[in-house]
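> File follows, data.cif with mmCIF, C-alpha atoms:
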```
data_my_file
loop_
_atom_site.label_atom_id
_atom_site.label_comp_id
_atom_site.auth_asym_id
_atom_site.auth_seq_id
_atom_site.Cartn_x
_atom_site.Cartn_y
_atom_site.Cartn_z
CA MET A 1 152.57 28.91 195.08
CA VAL A 2 153.62 28.39 191.55
CA LYS A 3 150.01 28.16 190.54
CA LEU A 4 149.32 31.48 192.20
CA LYS A 5 152.17 33.14 190.34
CA MET A 6 150.91 31.69 187.11
CA GLN A 7 147.46 33.06 187.79
CA MET A 8 148.92 36.46 188.60
CA MET A 9 150.98 36.51 185.42
CA LEU A 10 147.95 35.48 183.38
CA GLY A 11 145.88 38.23 184.98
CA ALA A 12 148.55 40.83 184.24
CA THR A 13 148.77 39.63 180.67
CA LEU A 14 145.03 39.85 180.25
CA ALA A 15 144.97 43.30 181.80
CA GLY A 16 147.71 44.43 179.43
CA LEU A 17 145.79 43.06 176.51
CA LEU A 18 142.66 44.84 177.64
CA VAL A 19 144.51 48.15 178.09
CA GLY A 20 146.12 47.78 174.68
CA GLN A 21 142.79 47.09 173.10
CA ALA A 22 141.38 50.14 174.86
CA TYR A 23 144.20 52.30 173.53
CA ALA A 24 143.78 50.84 170.06
CA PHE A 25 140.06 51.60 170.18
CA ALA A 26 140.78 55.14 171.33
CA ASP A 27 143.23 55.67 168.43
CA ASP A 28 140.66 54.51 165.89
CA GLU A 29 138.05 56.90 167.26
CA ALA A 30 140.52 59.77 167.15
CA ARG A 31 141.52 58.99 163.57
CA ARG A 32 137.88 58.80 162.51
CA ALA A 33 137.18 62.10 164.26
CA ILE A 34 140.16 63.71 162.56
CA LEU A 35 139.04 62.36 159.19
CA ASP A 36 135.54 63.67 159.82
CA LEU A 37 136.93 67.08 160.73
CA ARG A 38 139.05 67.09 157.62
CA GLU A 39 135.99 66.30 155.52
CA GLN A 40 134.04 69.06 157.22
CA VAL A 41 136.91 71.48 156.72
CA LYS A 42 137.10 70.40 153.09
CA ASP A 43 133.36 70.92 152.65
CA LEU A 44 133.55 74.33 154.32
CA GLN A 45 136.49 75.29 152.12
CA GLN A 46 134.57 74.25 149.03
CA GLN A 47 131.56 76.26 150.16
CA LEU A 48 133.83 79.21 150.88
CA ASP A 49 135.42 78.91 147.43
CA ILE A 50 131.96 78.78 145.87
CA GLN A 51 130.86 81.87 147.79
CA GLN A 52 134.05 83.75 146.89
CA GLN A 53 133.61 82.83 143.25
CA ALA A 54 129.97 83.96 143.40
CA GLN A 55 131.02 87.26 144.98
CA LEU A 56 133.70 87.71 142.32
CA ASN A 57 131.18 86.98 139.58
CA PHE A 58 128.71 89.43 141.17
CA ALA A 59 131.41 92.11 141.43
CA ASN A 60 132.30 91.58 137.76
CA HIS A 61 128.62 91.77 136.84
CA VAL A 62 128.24 95.03 138.78
CA SER A 63 131.34 96.39 137.06
CA ASP A 64 129.90 95.43 133.66
CA LEU A 65 126.60 97.11 134.52
CA GLN A 66 128.42 100.26 135.65
CA GLU A 67 130.36 100.34 132.39
CA GLN A 68 127.16 99.85 130.40
CA ASN A 69 125.54 102.63 132.42
CA ARG A 70 128.45 104.96 131.65
CA ARG A 71 128.20 104.15 127.96
CA LEU A 72 124.42 104.66 127.99
CA THR A 73 124.80 107.95 129.88
CA GLY A 74 127.33 109.14 127.33
CA ARG A 75 125.08 108.08 124.48
CA ILE A 76 122.10 109.85 126.05
CA GLU A 77 124.18 113.03 126.38
CA GLU A 78 125.21 112.76 122.72
CA LEU A 79 121.60 112.24 121.63
CA THR A 80 120.42 115.11 123.86
CA ASN A 81 123.03 117.47 122.38
CA ALA A 82 122.16 116.33 118.88
CA LEU A 83 118.44 116.88 119.60
CA GLN A 84 119.08 120.36 121.00
CA LYS A 85 121.14 121.27 117.93
CA GLU A 86 118.43 119.90 115.67
CA GLN A 87 115.75 121.85 117.54
CA LYS A 88 117.82 125.05 117.33
CA SER A 89 118.44 124.44 113.64
CA SER A 90 114.71 123.92 113.10
CA ARG A 91 113.83 127.09 115.04
CA ASP A 92 116.40 129.08 113.06
CA LEU A 93 115.04 127.63 109.83
CA PHE A 94 111.42 128.46 110.70
CA GLN A 95 112.40 131.95 111.85
CA ASP A 96 114.29 132.50 108.61
CA VAL A 97 111.34 131.22 106.60
CA ASP A 98 108.94 133.43 108.59
CA LYS A 99 111.24 136.39 108.06
CA ARG A 100 111.42 135.75 104.32
CA LEU A 101 107.68 135.21 104.06
CA GLY A 102 107.16 138.38 106.09
CA LYS A 103 108.74 140.32 103.24
CA PHE A 104 105.91 139.20 100.96
CA GLU A 105 102.94 138.96 103.30
CA PRO A 106 100.59 141.90 103.89
CA GLN A 107 101.20 143.88 107.08
CA GLU A 108 98.78 145.69 109.36
CA VAL A 109 99.65 149.33 110.10
CA GLU A 110 97.86 152.28 111.65
CA ILE A 111 97.22 155.37 109.53
CA ASP A 112 95.30 158.33 110.95
CA GLY A 113 94.07 156.14 113.81
CA LEU A 114 92.80 153.41 111.51
CA LYS A 115 94.29 149.94 111.16
CA VAL A 116 94.80 149.08 107.52
CA THR A 117 96.60 146.40 105.53
CA VAL A 118 99.50 147.27 103.26
CA GLN A 119 102.00 145.32 101.19
CA PRO A 120 105.60 145.12 102.45
CA GLU A 121 106.96 146.77 99.29
CA GLU A 122 104.35 149.48 99.61
CA LYS A 123 105.33 150.23 103.21
CA ASN A 124 109.03 150.13 102.40
CA ALA A 125 108.59 152.61 99.57
CA TYR A 126 106.62 155.01 101.77
CA ASP A 127 109.11 154.72 104.63
CA ALA A 128 112.03 155.40 102.29
CA ALA A 129 110.38 158.61 101.06
CA ASN A 130 109.66 159.68 104.64
CA ASP A 131 113.26 159.02 105.63
CA ALA A 132 114.53 161.25 102.83
CA LEU A 133 112.12 164.02 103.94
CA ALA A 134 113.25 163.66 107.57
CA GLN A 135 116.84 164.10 106.40
CA GLN A 136 115.75 167.29 104.56
CA ASN A 137 116.76 165.74 101.27
CA TYR A 138 113.77 167.36 99.58
CA LYS A 139 114.71 166.54 96.00
CA GLN A 140 115.05 162.83 96.81
CA ALA A 141 111.92 162.92 98.97
CA TYR A 142 109.93 164.52 96.15
CA LYS A 143 111.10 161.85 93.70
CA LEU A 144 110.34 158.97 96.05
CA PHE A 145 106.86 160.29 96.95
CA SER A 146 106.18 160.90 93.26
CA ASP A 147 107.23 157.32 92.42
CA PHE A 148 105.10 156.03 95.26
CA ASN A 149 101.98 157.90 94.10
CA ARG A 150 102.39 156.61 90.55
CA THR A 151 102.90 153.01 91.71
CA TRP A 152 100.46 152.72 94.62
CA THR A 153 97.44 154.67 93.42
CA GLN A 154 95.05 152.86 95.79
CA SER A 155 97.34 152.82 98.80
CA PRO A 156 96.08 153.80 102.27
CA TYR A 157 99.22 155.94 102.39
CA ARG A 158 98.22 157.92 99.29
CA ALA A 159 96.71 160.94 101.06
CA ASP A 160 99.80 161.34 103.24
CA ALA A 161 102.09 160.67 100.29
CA LEU A 162 100.41 163.43 98.23
CA TYR A 163 100.65 165.83 101.15
CA TRP A 164 104.35 165.20 101.74
CA GLN A 165 105.13 165.27 98.03
CA ALA A 166 103.54 168.73 97.96
CA ALA A 167 105.46 169.71 101.11
CA SER A 168 108.72 168.62 99.41
CA SER A 169 107.75 170.68 96.38
CA PHE A 170 107.13 173.70 98.62
CA ALA A 171 110.57 173.25 100.20
CA LEU A 172 112.02 173.24 96.68
CA GLU A 173 110.11 176.51 96.04
CA ASP A 174 108.02 174.95 93.29
CA TYR A 175 104.84 176.68 94.47
CA LYS A 176 102.65 176.02 91.44
CA ASN A 177 103.28 172.29 91.73
CA THR A 178 102.60 172.52 95.47
CA ILE A 179 99.18 174.01 94.76
CA TYR A 180 98.46 171.35 92.14
CA LEU A 181 99.38 168.44 94.42
CA GLN A 182 97.54 169.73 97.50
CA ASN A 183 94.41 170.39 95.44
CA GLN A 184 94.68 166.83 94.11
CA LEU A 185 94.72 165.60 97.72
CA ILE A 186 91.67 167.74 98.56
CA ARG A 187 89.75 166.42 95.54
CA GLU A 188 90.56 162.76 96.12
CA PHE A 189 90.20 162.80 99.92
CA PRO A 190 87.80 165.61 100.87
CA ASN A 191 87.18 164.13 104.32
CA ASN A 192 90.77 163.34 105.16
CA SER A 193 92.30 164.89 108.27
CA ARG A 194 95.08 166.31 106.07
CA VAL A 195 92.70 168.62 104.16
CA PRO A 196 92.95 171.70 106.47
CA ASP A 197 96.76 171.54 106.38
CA ALA A 198 96.69 170.95 102.62
CA MET A 199 94.58 174.11 102.20
CA LEU A 200 96.99 176.02 104.42
CA SER A 201 99.85 174.85 102.19
CA VAL A 202 97.90 176.04 99.11
CA GLY A 203 97.35 179.45 100.68
CA SER A 204 101.03 179.73 101.64
CA ALA A 205 102.09 178.77 98.10
CA GLN A 206 99.68 181.37 96.65
CA ALA A 207 101.11 184.02 98.94
CA SER A 208 104.66 183.04 97.94
CA LEU A 209 103.68 183.53 94.29
CA GLY A 210 102.40 187.02 95.18
CA ASN A 211 98.75 186.16 94.68
CA VAL A 212 97.56 187.80 97.91
CA ARG A 213 93.85 187.80 96.97
CA ALA A 214 93.82 184.03 96.31
CA ALA A 215 95.83 183.40 99.48
CA SER A 216 93.45 185.52 101.59
CA SER A 217 90.46 183.64 100.13
CA THR A 218 92.05 180.28 100.94
CA PHE A 219 92.93 181.30 104.52
CA ASN A 220 89.42 182.63 105.15
CA LYS A 221 87.95 179.40 103.82
CA ILE A 222 90.04 177.40 106.28
CA ILE A 223 88.87 179.57 109.19
CA LYS A 224 85.25 179.14 108.12
CA LEU A 225 85.30 175.39 107.43
CA TYR A 226 87.68 174.28 110.19
CA PRO A 227 87.45 176.94 112.90
CA LYS A 228 88.79 174.75 115.72
CA SER A 229 91.72 173.32 113.81
CA GLU A 230 95.39 174.22 114.21
CA ALA A 231 95.33 175.11 110.51
CA ALA A 232 92.72 177.80 111.25
CA LYS A 233 94.99 179.36 113.88
CA SER A 234 97.86 179.45 111.41
CA ALA A 235 95.57 180.83 108.70
CA LYS A 236 94.58 183.76 110.95
CA SER A 237 98.23 184.50 111.64
CA ARG A 238 99.14 184.41 107.95
CA LEU A 239 96.18 186.59 107.01
CA LYS A 240 97.52 189.27 109.30
CA ALA A 241 100.97 188.90 107.80
CA ILE A 242 99.87 189.31 104.16
CA ASN A 243 97.44 192.16 104.90
CA ARG A 244 100.00 194.42 106.58
#
```
What does this structure look like when you write it as C-alpha cells?

Amino acid sequence: MVKLKMQMMLGATLAGLLVGQAYAFADDEARRAILDLREQVKDLQQQLDIQQQAQLNFANHVSDLQEQNRRLTGRIEELTNALQKEQKSSRDLFQDVDKRLGKFEPQEVEIDGLKVTVQPEEKNAYDAANDALAQQNYKQAYKLFSDFNRTWTQSPYRADALYWQAASSFALEDYKNTIYLQNQLIREFPNNSRVPDAMLSVGSAQASLGNVRAASSTFNKIIKLYPKSEAAKSAKSRLKAINR
C-alpha cells in the first residue's frame, strides 16, 4: 500500500515536471517569436524611414528644380525683352539711316508720263517753287523758279520750270519777260508737250502789250501746228476777242 502511494506520488511529480518543462518550452518559443517580430518591426521601420527620407529628398529636389525653372523662365523673359528692344533699336537705326541716305540718293519721279531720275535737292527746290505758285505768291514763285533754272540747267524739270517761271511773270504783269521765257522754253524743248501752251502764253502776253498783229500771228500758228490741242481751242477764242 505504501509502495503504491509512493509510486503515485512519483508519477505525479514526474507529470508536474513534464508539464513545467512544457510550459517553459512554450515560454521560450513565445519570447523568440516576440523577438523575431520586434526585429521585423524594426527592419520595417528602418525601411519606412529610408523611404520617407527618400521621398523627402525627392520632394526637395523637385522644389529645387521648380525654383531653377522659375529663375530660368525669368531670365528667358529678360533676354527676350532685351532682344526685342535691341531689334527695335536696330530697326529704328536702319530706318533713320535709310531716311538720312534718302535725302542724298537720287529719286525716281514721273514727268510728262516719263520716269526720270532726279536729285533730292533738285526735287525739293522744284516742289518749293510749285508750292509758292499754288499759294499765288507769284513774286516768291518767280524767284524760286528763276533760282531753280540757274542751278539745275540740265534738270528733267527744266521745261516745266521755265513754263511756270513765265506764268509767274505773266501774273506779275511782266509781259516782255513772259515772252522771253516762253520762247526760251520753245527753243530748248521744241517737242515738249508744254510748247502749245507756251505759245498761247506768248500770244496772250503780246496781246496784253497791245501788239495785236503779233498776237494774232501767234494764235494762228498754234491753230495750224496743234489743231487738236486745248491750246488751239483757246487760241481761236482769243483771236475772236482781239479782232472785235
> Need the shell around Ala207 of chain A: protein/DNA/RNA residues with any atom at most 12 Å away, counting all atoms listed in the file. Skip same-chain ones fewer than 3 positions apart. Format as a ChimeraX atom specification?
/A:170,175-176,179,200-204,210-219,235,238-239,241-243
> Restricting the output to C-alpha atoms, write the selected residues as a PDB file, in the coordinates of the input.

```pdb
ATOM      1  CA  PHE A 170     107.130 173.700  98.620  1.00  0.00           C
ATOM      2  CA  TYR A 175     104.840 176.680  94.470  1.00  0.00           C
ATOM      3  CA  LYS A 176     102.650 176.020  91.440  1.00  0.00           C
ATOM      4  CA  ILE A 179      99.180 174.010  94.760  1.00  0.00           C
ATOM      5  CA  LEU A 200      96.990 176.020 104.420  1.00  0.00           C
ATOM      6  CA  SER A 201      99.850 174.850 102.190  1.00  0.00           C
ATOM      7  CA  VAL A 202      97.900 176.040  99.110  1.00  0.00           C
ATOM      8  CA  GLY A 203      97.350 179.450 100.680  1.00  0.00           C
ATOM      9  CA  SER A 204     101.030 179.730 101.640  1.00  0.00           C
ATOM     10  CA  GLY A 210     102.400 187.020  95.180  1.00  0.00           C
ATOM     11  CA  ASN A 211      98.750 186.160  94.680  1.00  0.00           C
ATOM     12  CA  VAL A 212      97.560 187.800  97.910  1.00  0.00           C
ATOM     13  CA  ARG A 213      93.850 187.800  96.970  1.00  0.00           C
ATOM     14  CA  ALA A 214      93.820 184.030  96.310  1.00  0.00           C
ATOM     15  CA  ALA A 215      95.830 183.400  99.480  1.00  0.00           C
ATOM     16  CA  SER A 216      93.450 185.520 101.590  1.00  0.00           C
ATOM     17  CA  SER A 217      90.460 183.640 100.130  1.00  0.00           C
ATOM     18  CA  THR A 218      92.050 180.280 100.940  1.00  0.00           C
ATOM     19  CA  PHE A 219      92.930 181.300 104.520  1.00  0.00           C
ATOM     20  CA  ALA A 235      95.570 180.830 108.700  1.00  0.00           C
ATOM     21  CA  ARG A 238      99.140 184.410 107.950  1.00  0.00           C
ATOM     22  CA  LEU A 239      96.180 186.590 107.010  1.00  0.00           C
ATOM     23  CA  ALA A 241     100.970 188.900 107.800  1.00  0.00           C
ATOM     24  CA  ILE A 242      99.870 189.310 104.160  1.00  0.00           C
ATOM     25  CA  ASN A 243      97.440 192.160 104.900  1.00  0.00           C
TER      26      ASN A 243
END
```
> Please provide the set of residues having any atom within 10 Å of Glu121 of chain A, restricted to all atoms listed in the file, with same-chain residues fewer than 3 positions apart removed, written as a ChimeraX atom specification.
/A:103-106,118,124-127,152
> Please indicate the distance in Å from atom CA of Ala232 of chain A to atom CA of Pro196 of chain A, rounded to one decimal place.
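Interatomic distance here is 7.8 Å.
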> Name the residues that the PyMOL selection byres ((chain A and resi 132) around 12) picks from the file above, as a ChimeraX atom specification, using the file's chain letters and numbers.
/A:125-131,133-145,164-165,168
> Box for segment 173-177 of chain A - axis-aligned, 3 Å on each of the six sides, all listed atoms - centre and size in Å to one decimal, as AutoDock Vina command-line options.

```
--center_x 106.4 --center_y 174.5 --center_z 93.7 --size_x 13.5 --size_y 10.4 --size_z 10.6
```
> Between atom CA of Thr117 of chain A and atom CA of Asn183 of chain A, what is the distance, to one decimal in Å?
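Taking atom CA of Thr117 of chain A and atom CA of Asn183 of chain A, their separation equals 26.1 Å.
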> With distances taken over all atoms listed in the file, which of A:Tyr157, A:Tyr226, A:Phe189, A:Tyr163 is nearest to Asp112 of chain A?
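Once distances to Asp112 of chain A are computed over all atoms listed in the file, the minimum belongs to A:Tyr157.
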> Check which residues satisfy the PyMOL selection byres ((chain A and resi 195) around 12) in the file shown, then give them as a PyMOL selection string.
chain A and resi 159-160+162-163+181-194+196-202+221-222+225-226+229-232
> Take the residues that were just selected and, keeping C-alpha atoms, output them as a PDB file, in the coordinates of the input.

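To be explicit, this is the file written out as again_17.pdb:
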```pdb
ATOM      1  CA  ALA A 159      96.710 160.940 101.060  1.00  0.00           C
ATOM      2  CA  ASP A 160      99.800 161.340 103.240  1.00  0.00           C
ATOM      3  CA  LEU A 162     100.410 163.430  98.230  1.00  0.00           C
ATOM      4  CA  TYR A 163     100.650 165.830 101.150  1.00  0.00           C
ATOM      5  CA  LEU A 181      99.380 168.440  94.420  1.00  0.00           C
ATOM      6  CA  GLN A 182      97.540 169.730  97.500  1.00  0.00           C
ATOM      7  CA  ASN A 183      94.410 170.390  95.440  1.00  0.00           C
ATOM      8  CA  GLN A 184      94.680 166.830  94.110  1.00  0.00           C
ATOM      9  CA  LEU A 185      94.720 165.600  97.720  1.00  0.00           C
ATOM     10  CA  ILE A 186      91.670 167.740  98.560  1.00  0.00           C
ATOM     11  CA  ARG A 187      89.750 166.420  95.540  1.00  0.00           C
ATOM     12  CA  GLU A 188      90.560 162.760  96.120  1.00  0.00           C
ATOM     13  CA  PHE A 189      90.200 162.800  99.920  1.00  0.00           C
ATOM     14  CA  PRO A 190      87.800 165.610 100.870  1.00  0.00           C
ATOM     15  CA  ASN A 191      87.180 164.130 104.320  1.00  0.00           C
ATOM     16  CA  ASN A 192      90.770 163.340 105.160  1.00  0.00           C
ATOM     17  CA  SER A 193      92.300 164.890 108.270  1.00  0.00           C
ATOM     18  CA  ARG A 194      95.080 166.310 106.070  1.00  0.00           C
ATOM     19  CA  PRO A 196      92.950 171.700 106.470  1.00  0.00           C
ATOM     20  CA  ASP A 197      96.760 171.540 106.380  1.00  0.00           C
ATOM     21  CA  ALA A 198      96.690 170.950 102.620  1.00  0.00           C
ATOM     22  CA  MET A 199      94.580 174.110 102.200  1.00  0.00           C
ATOM     23  CA  LEU A 200      96.990 176.020 104.420  1.00  0.00           C
ATOM     24  CA  SER A 201      99.850 174.850 102.190  1.00  0.00           C
ATOM     25  CA  VAL A 202      97.900 176.040  99.110  1.00  0.00           C
ATOM     26  CA  LYS A 221      87.950 179.400 103.820  1.00  0.00           C
ATOM     27  CA  ILE A 222      90.040 177.400 106.280  1.00  0.00           C
ATOM     28  CA  LEU A 225      85.300 175.390 107.430  1.00  0.00           C
ATOM     29  CA  TYR A 226      87.680 174.280 110.190  1.00  0.00           C
ATOM     30  CA  SER A 229      91.720 173.320 113.810  1.00  0.00           C
ATOM     31  CA  GLU A 230      95.390 174.220 114.210  1.00  0.00           C
ATOM     32  CA  ALA A 231      95.330 175.110 110.510  1.00  0.00           C
ATOM     33  CA  ALA A 232      92.720 177.800 111.250  1.00  0.00           C
TER      34      ALA A 232
END
```
> Measure the distance from atom CA of Arg158 of chain A to atom CA of Glu173 of chain A in Å and round it to one decimal.
22.3 Å
